[in-house]
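Engineer: Got a structure for you, structure01.cif, holding mmCIF, N, CA and C atoms.
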```cif
data_protein
loop_
_atom_site.label_atom_id
_atom_site.label_comp_id
_atom_site.auth_asym_id
_atom_site.auth_seq_id
_atom_site.Cartn_x
_atom_site.Cartn_y
_atom_site.Cartn_z
N MET A 75 12.27 8.27 -17.95
CA MET A 75 12.65 8.37 -16.56
C MET A 75 13.67 7.28 -16.27
N PRO A 76 14.77 7.64 -15.60
CA PRO A 76 15.77 6.63 -15.25
C PRO A 76 15.19 5.57 -14.30
N MET A 77 15.62 4.33 -14.47
CA MET A 77 15.10 3.23 -13.66
C MET A 77 15.33 3.45 -12.16
N GLU A 78 16.40 4.14 -11.79
CA GLU A 78 16.65 4.35 -10.35
C GLU A 78 15.63 5.30 -9.74
N ASN A 79 14.85 5.99 -10.56
CA ASN A 79 13.80 6.88 -10.06
C ASN A 79 12.46 6.17 -9.90
N ILE A 80 12.38 4.93 -10.31
CA ILE A 80 11.14 4.18 -10.22
C ILE A 80 11.15 3.35 -8.94
N LEU A 81 10.16 3.59 -8.10
CA LEU A 81 10.05 2.87 -6.83
C LEU A 81 8.74 2.09 -6.81
N SER A 82 8.72 1.02 -6.04
CA SER A 82 7.54 0.17 -5.95
C SER A 82 7.30 -0.25 -4.51
N ALA A 83 6.05 -0.46 -4.16
CA ALA A 83 5.72 -0.97 -2.83
C ALA A 83 6.35 -2.34 -2.61
N ASP A 84 6.68 -3.04 -3.68
CA ASP A 84 7.33 -4.34 -3.57
C ASP A 84 8.73 -4.25 -2.96
N MET A 85 9.28 -3.04 -2.87
CA MET A 85 10.61 -2.84 -2.29
C MET A 85 10.55 -2.79 -0.76
N CYS A 86 9.36 -2.89 -0.21
CA CYS A 86 9.16 -2.79 1.24
C CYS A 86 8.52 -4.07 1.74
N SER A 87 8.71 -4.37 3.01
CA SER A 87 8.13 -5.60 3.56
C SER A 87 6.63 -5.50 3.79
N SER A 88 6.09 -4.28 3.71
CA SER A 88 4.64 -4.07 3.87
C SER A 88 4.04 -3.64 2.55
N GLY A 89 2.74 -3.70 2.46
CA GLY A 89 2.06 -3.23 1.26
C GLY A 89 1.32 -1.92 1.55
N LYS A 90 0.93 -1.26 0.48
CA LYS A 90 0.14 -0.05 0.65
C LYS A 90 -1.24 -0.43 1.16
N PRO A 91 -1.79 0.33 2.05
CA PRO A 91 -1.46 1.69 2.46
C PRO A 91 -0.66 1.80 3.75
N HIS A 92 0.13 0.82 4.11
CA HIS A 92 0.92 0.89 5.34
C HIS A 92 1.92 2.05 5.25
N PRO A 93 2.06 2.85 6.31
CA PRO A 93 2.95 4.01 6.30
C PRO A 93 4.40 3.69 5.95
N SER A 94 4.87 2.49 6.27
CA SER A 94 6.27 2.15 5.99
C SER A 94 6.58 2.18 4.49
N VAL A 95 5.59 1.89 3.66
CA VAL A 95 5.80 1.92 2.21
C VAL A 95 6.09 3.36 1.77
N TYR A 96 5.31 4.30 2.25
CA TYR A 96 5.48 5.70 1.88
C TYR A 96 6.77 6.27 2.45
N LYS A 97 7.11 5.87 3.67
CA LYS A 97 8.35 6.35 4.29
C LYS A 97 9.57 5.82 3.53
N MET A 98 9.52 4.55 3.13
CA MET A 98 10.61 3.96 2.36
C MET A 98 10.80 4.73 1.06
N ALA A 99 9.73 5.02 0.39
CA ALA A 99 9.83 5.72 -0.89
C ALA A 99 10.39 7.13 -0.71
N ARG A 100 9.96 7.80 0.34
CA ARG A 100 10.48 9.16 0.58
C ARG A 100 11.98 9.12 0.85
N GLU A 101 12.41 8.16 1.64
CA GLU A 101 13.84 8.03 1.94
C GLU A 101 14.65 7.74 0.68
N LYS A 102 14.18 6.82 -0.14
CA LYS A 102 14.90 6.46 -1.36
C LYS A 102 14.91 7.59 -2.36
N ALA A 103 13.85 8.38 -2.38
CA ALA A 103 13.77 9.50 -3.33
C ALA A 103 14.59 10.69 -2.85
N GLY A 104 14.94 10.71 -1.58
CA GLY A 104 15.71 11.82 -1.04
C GLY A 104 14.94 13.13 -1.06
N SER A 105 13.65 13.07 -0.81
CA SER A 105 12.80 14.26 -0.94
C SER A 105 12.66 15.03 0.36
N ASP A 106 13.63 14.94 1.25
CA ASP A 106 13.59 15.69 2.49
C ASP A 106 14.61 16.83 2.51
N LYS A 107 15.11 17.19 1.35
CA LYS A 107 16.14 18.22 1.28
C LYS A 107 15.54 19.60 1.55
N GLU A 108 16.29 20.43 2.22
CA GLU A 108 15.86 21.79 2.54
C GLU A 108 15.57 22.56 1.26
N GLY A 109 14.48 23.29 1.28
CA GLY A 109 14.12 24.12 0.13
C GLY A 109 13.37 23.41 -0.97
N GLU A 110 13.06 22.14 -0.80
CA GLU A 110 12.32 21.40 -1.82
C GLU A 110 10.87 21.23 -1.40
N VAL A 111 10.01 21.18 -2.37
CA VAL A 111 8.61 20.88 -2.15
C VAL A 111 8.34 19.52 -2.77
N SER A 112 7.72 18.65 -2.01
CA SER A 112 7.39 17.32 -2.51
C SER A 112 5.90 17.25 -2.79
N VAL A 113 5.56 16.69 -3.93
CA VAL A 113 4.17 16.55 -4.33
C VAL A 113 3.89 15.08 -4.60
N PHE A 114 2.86 14.56 -3.96
CA PHE A 114 2.42 13.20 -4.24
C PHE A 114 1.21 13.28 -5.14
N ALA A 115 1.27 12.63 -6.28
CA ALA A 115 0.16 12.65 -7.23
C ALA A 115 -0.32 11.22 -7.45
N ALA A 116 -1.65 11.05 -7.51
CA ALA A 116 -2.22 9.71 -7.69
C ALA A 116 -3.58 9.78 -8.35
N ALA A 117 -4.02 8.66 -8.84
CA ALA A 117 -5.35 8.54 -9.44
C ALA A 117 -6.30 7.78 -8.51
N HIS A 118 -5.88 7.59 -7.26
CA HIS A 118 -6.72 6.94 -6.25
C HIS A 118 -6.70 7.78 -4.98
N ALA A 119 -7.88 8.19 -4.54
CA ALA A 119 -7.98 9.06 -3.36
C ALA A 119 -7.45 8.38 -2.11
N TRP A 120 -7.63 7.08 -1.97
CA TRP A 120 -7.13 6.38 -0.78
C TRP A 120 -5.61 6.46 -0.71
N ASP A 121 -4.96 6.46 -1.87
CA ASP A 121 -3.50 6.50 -1.93
C ASP A 121 -2.99 7.86 -1.43
N ILE A 122 -3.64 8.92 -1.82
CA ILE A 122 -3.27 10.26 -1.36
C ILE A 122 -3.50 10.37 0.15
N ALA A 123 -4.63 9.88 0.62
CA ALA A 123 -4.93 9.95 2.06
C ALA A 123 -3.90 9.16 2.87
N ALA A 124 -3.53 7.98 2.41
CA ALA A 124 -2.56 7.16 3.12
C ALA A 124 -1.18 7.81 3.13
N ALA A 125 -0.79 8.37 2.01
CA ALA A 125 0.51 9.03 1.93
C ALA A 125 0.55 10.26 2.81
N LYS A 126 -0.51 11.05 2.78
CA LYS A 126 -0.56 12.25 3.61
C LYS A 126 -0.53 11.90 5.09
N SER A 127 -1.25 10.87 5.48
CA SER A 127 -1.27 10.48 6.90
C SER A 127 0.06 9.89 7.34
N ALA A 128 0.84 9.35 6.39
CA ALA A 128 2.17 8.83 6.72
C ALA A 128 3.18 9.95 6.83
N GLY A 129 2.83 11.14 6.34
CA GLY A 129 3.73 12.28 6.41
C GLY A 129 4.93 12.15 5.51
N CYS A 130 4.75 11.53 4.37
CA CYS A 130 5.86 11.35 3.45
C CYS A 130 5.34 11.22 2.03
N VAL A 131 6.24 11.12 1.09
CA VAL A 131 5.87 11.11 -0.32
C VAL A 131 6.17 9.76 -0.96
N PRO A 132 5.17 9.10 -1.53
CA PRO A 132 5.40 7.83 -2.20
C PRO A 132 5.49 7.93 -3.71
N LEU A 133 6.00 6.91 -4.31
CA LEU A 133 5.91 6.72 -5.75
C LEU A 133 5.21 5.39 -5.92
N SER A 134 4.03 5.39 -6.45
CA SER A 134 3.18 4.22 -6.51
C SER A 134 3.44 3.40 -7.76
N SER A 135 3.00 2.15 -7.73
CA SER A 135 3.12 1.29 -8.88
C SER A 135 1.97 1.48 -9.86
N ASP A 136 0.95 2.28 -9.49
CA ASP A 136 -0.15 2.50 -10.43
C ASP A 136 0.11 3.77 -11.24
N VAL A 137 -0.63 4.82 -11.03
CA VAL A 137 -0.48 6.02 -11.83
C VAL A 137 0.13 7.15 -11.01
N SER A 138 0.70 6.83 -9.86
CA SER A 138 1.25 7.85 -8.99
C SER A 138 2.66 8.23 -9.42
N MET A 139 3.06 9.41 -9.06
CA MET A 139 4.40 9.84 -9.41
C MET A 139 4.96 10.75 -8.33
N LEU A 140 6.24 10.74 -8.21
CA LEU A 140 6.91 11.62 -7.26
C LEU A 140 7.54 12.75 -8.04
N LEU A 141 7.24 13.96 -7.64
CA LEU A 141 7.80 15.12 -8.31
C LEU A 141 8.44 16.01 -7.26
N ARG A 142 9.64 16.43 -7.51
CA ARG A 142 10.31 17.34 -6.60
C ARG A 142 10.69 18.60 -7.35
N SER A 143 10.53 19.71 -6.71
CA SER A 143 10.89 20.97 -7.33
C SER A 143 11.70 21.78 -6.34
N SER A 144 12.95 22.02 -6.65
CA SER A 144 13.78 22.77 -5.73
C SER A 144 13.51 24.26 -5.86
N GLY A 145 13.85 24.98 -4.82
CA GLY A 145 13.70 26.42 -4.84
C GLY A 145 12.39 26.91 -4.24
N LEU A 146 11.48 26.03 -3.92
CA LEU A 146 10.22 26.42 -3.30
C LEU A 146 10.28 26.13 -1.81
N PRO A 147 9.68 26.98 -0.99
CA PRO A 147 9.77 26.76 0.46
C PRO A 147 9.00 25.54 0.89
N ARG A 148 9.57 24.80 1.83
CA ARG A 148 8.85 23.68 2.44
C ARG A 148 7.93 24.22 3.49
N HIS A 149 7.12 23.40 4.04
CA HIS A 149 6.17 23.79 5.08
C HIS A 149 6.86 23.76 6.44
N GLY A 150 7.90 24.53 6.60
CA GLY A 150 8.64 24.55 7.85
C GLY A 150 9.23 23.18 8.13
N SER A 151 9.04 22.68 9.34
CA SER A 151 9.55 21.36 9.68
C SER A 151 8.49 20.29 9.47
N ASP A 152 7.36 20.66 8.91
CA ASP A 152 6.26 19.73 8.66
C ASP A 152 6.66 18.72 7.59
N PRO A 153 6.65 17.41 7.89
CA PRO A 153 7.05 16.42 6.91
C PRO A 153 5.94 16.07 5.92
N SER A 154 4.80 16.69 6.04
CA SER A 154 3.73 16.40 5.09
C SER A 154 4.03 17.06 3.76
N PHE A 155 3.19 16.88 2.81
CA PHE A 155 3.46 17.37 1.47
C PHE A 155 2.17 17.74 0.79
N ASP A 156 2.29 18.37 -0.33
CA ASP A 156 1.13 18.73 -1.13
C ASP A 156 0.68 17.53 -1.95
N THR A 157 -0.61 17.48 -2.26
CA THR A 157 -1.14 16.34 -3.01
C THR A 157 -1.86 16.79 -4.27
N ALA A 158 -1.76 15.96 -5.28
CA ALA A 158 -2.43 16.20 -6.56
C ALA A 158 -3.20 14.93 -6.92
N TYR A 159 -4.44 15.09 -7.31
CA TYR A 159 -5.33 13.94 -7.54
C TYR A 159 -5.98 14.04 -8.91
N CYS A 160 -6.00 12.93 -9.60
CA CYS A 160 -6.59 12.86 -10.94
C CYS A 160 -7.87 12.01 -10.87
N LEU A 161 -8.95 12.54 -11.41
CA LEU A 161 -10.27 11.88 -11.36
C LEU A 161 -10.45 10.75 -12.38
N ILE A 162 -9.42 10.42 -13.13
CA ILE A 162 -9.54 9.51 -14.26
C ILE A 162 -10.18 8.16 -13.93
N TYR A 163 -9.92 7.60 -12.75
CA TYR A 163 -10.48 6.30 -12.40
C TYR A 163 -11.74 6.39 -11.54
N GLU A 164 -11.71 7.20 -10.52
CA GLU A 164 -12.81 7.24 -9.56
C GLU A 164 -13.89 8.25 -9.93
N ASN A 165 -13.56 9.23 -10.75
CA ASN A 165 -14.51 10.24 -11.22
C ASN A 165 -15.24 10.94 -10.07
N ASP A 166 -14.59 10.99 -8.92
CA ASP A 166 -15.16 11.62 -7.73
C ASP A 166 -14.00 11.96 -6.81
N GLU A 167 -14.02 13.13 -6.22
CA GLU A 167 -12.93 13.52 -5.33
C GLU A 167 -12.91 12.71 -4.03
N CYS A 168 -14.02 12.09 -3.67
CA CYS A 168 -14.11 11.30 -2.44
C CYS A 168 -13.67 12.12 -1.23
N GLU A 169 -13.93 13.42 -1.29
CA GLU A 169 -13.47 14.35 -0.27
C GLU A 169 -14.02 14.04 1.12
N THR A 170 -15.27 13.63 1.21
CA THR A 170 -15.86 13.35 2.53
C THR A 170 -15.22 12.14 3.20
N ILE A 171 -14.66 11.25 2.41
CA ILE A 171 -14.02 10.06 2.96
C ILE A 171 -12.52 10.28 3.18
N PHE A 172 -11.84 10.82 2.16
CA PHE A 172 -10.38 10.89 2.18
C PHE A 172 -9.79 12.28 2.36
N GLY A 173 -10.61 13.31 2.40
CA GLY A 173 -10.09 14.67 2.52
C GLY A 173 -9.84 15.31 1.17
N LYS A 174 -9.45 16.56 1.21
CA LYS A 174 -9.28 17.36 0.00
C LYS A 174 -7.83 17.34 -0.46
N ALA A 175 -7.63 17.11 -1.75
CA ALA A 175 -6.30 17.21 -2.34
C ALA A 175 -6.02 18.69 -2.66
N ASP A 176 -4.76 19.05 -2.74
CA ASP A 176 -4.39 20.42 -3.04
C ASP A 176 -4.64 20.79 -4.50
N LEU A 177 -4.65 19.80 -5.36
CA LEU A 177 -4.93 20.00 -6.78
C LEU A 177 -5.75 18.81 -7.26
N VAL A 178 -6.83 19.07 -7.98
CA VAL A 178 -7.66 18.01 -8.54
C VAL A 178 -7.87 18.31 -10.02
N THR A 179 -7.61 17.31 -10.86
CA THR A 179 -7.80 17.47 -12.31
C THR A 179 -8.59 16.29 -12.86
N LYS A 180 -9.07 16.43 -14.08
CA LYS A 180 -9.89 15.36 -14.67
C LYS A 180 -9.08 14.26 -15.33
N ASP A 181 -7.86 14.57 -15.81
CA ASP A 181 -7.06 13.54 -16.48
C ASP A 181 -5.57 13.74 -16.21
N LEU A 182 -4.77 12.81 -16.69
CA LEU A 182 -3.34 12.83 -16.40
C LEU A 182 -2.61 13.99 -17.07
N VAL A 183 -3.05 14.38 -18.26
CA VAL A 183 -2.42 15.52 -18.94
C VAL A 183 -2.62 16.78 -18.11
N GLU A 184 -3.85 17.02 -17.66
CA GLU A 184 -4.13 18.18 -16.81
C GLU A 184 -3.38 18.09 -15.49
N LEU A 185 -3.22 16.88 -14.96
CA LEU A 185 -2.50 16.68 -13.71
C LEU A 185 -1.06 17.17 -13.84
N GLY A 186 -0.38 16.73 -14.88
CA GLY A 186 1.00 17.16 -15.11
C GLY A 186 1.11 18.65 -15.29
N LYS A 187 0.24 19.21 -16.11
CA LYS A 187 0.26 20.66 -16.35
C LYS A 187 -0.06 21.43 -15.08
N GLY A 188 -1.02 20.92 -14.31
CA GLY A 188 -1.41 21.59 -13.08
C GLY A 188 -0.31 21.59 -12.03
N ILE A 189 0.42 20.49 -11.94
CA ILE A 189 1.53 20.39 -11.00
C ILE A 189 2.62 21.40 -11.37
N VAL A 190 2.94 21.46 -12.63
CA VAL A 190 3.96 22.42 -13.07
C VAL A 190 3.49 23.85 -12.81
N ALA A 191 2.24 24.13 -13.13
CA ALA A 191 1.72 25.49 -12.92
C ALA A 191 1.69 25.89 -11.44
N LYS A 192 1.31 24.95 -10.60
CA LYS A 192 1.15 25.25 -9.17
C LYS A 192 2.46 25.22 -8.39
N TRP A 193 3.32 24.25 -8.68
CA TRP A 193 4.51 24.06 -7.86
C TRP A 193 5.83 24.21 -8.60
N GLY A 194 5.79 24.36 -9.90
CA GLY A 194 7.04 24.47 -10.67
C GLY A 194 7.76 25.78 -10.40
N LYS A 195 9.02 25.81 -10.79
CA LYS A 195 9.80 27.04 -10.62
C LYS A 195 9.20 28.14 -11.47
N LYS A 196 9.15 29.30 -10.92
CA LYS A 196 8.61 30.46 -11.64
C LYS A 196 9.76 31.32 -12.10
#
```
How does this structure look as structure tokens?

Structural biologist:
Amino acid sequence: MPMENILSADMCSSGKPHPSVYKMAREKAGSDKEGEVSVFAAAHAWDIAAAKSAGCVPLSSDVSMLLRSSGLPRHGSDPSFDTAYCLIYENDECETIFGKADLVTKDLVELGKGIVAKWGKK
């Protein structure tokens, strides 16, 4: 992955889970283009919940990644995004606390494959 595609919360004056971190990352990633679907993927349920509540897509310094796929319809003018969660660290969806992710997998390999299967170009 090119270095210009790697973003960190350290690039913002606030730390996660402050919404400004997620908004900064979304702006730098340019993931607001018409016709694109943005997916936030993480191995921490709190990170997905914070990003979803900020209405933007982050790229985290832990196991999170920003994936964009053009050609898929966005959710109208809704700035929120789809989420993918990997159980590798918490081994629990934490759904009652943080809400439901759109995709949940047991490990990072399944996470990548699941994202491509669910949101990739067909």

Engineer: Which residues would end up in the selection if the PyMOL selection byres ((chain A and resi 181) around 6) were applied here, given that I need the answer as a PyMOL selection string?

Structural biologist: chain A and resi 160-162+179-180+182-185

Engineer: From the options A:Asn165, A:Ser127, A:Asp121, A:Val111, which residue's atoms come nearest to Ala83 in chain A, counting only C-alpha atoms?

Structural biologist: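 Smallest separation from Ala83 in chain A among the options: A:Asp121.
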
Engineer: From the list A:Ala125, A:Ala119, A:Ala99, A:Val113, which residue is nearest Ser82 in chain A when using all atoms listed in the file?

Structural biologist: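 Under the stated criterion, the closest residue is A:Ala99.
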
Engineer: What does the structure give for the distance between atom C of Glu78 in chain A and CA of Lys192 in chain A, in Å to one decimal?

Structural biologist: 24.7 Å

Engineer: Under the rule that all atoms listed in the file are counted, which of A:Cys168, A:Ala124, A:Trp193, A:Gly188 is the nearest residue to Lys90 in chain A?

Structural biologist: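 Selected residue with least distance to Lys90 in chain A: A:Ala124.
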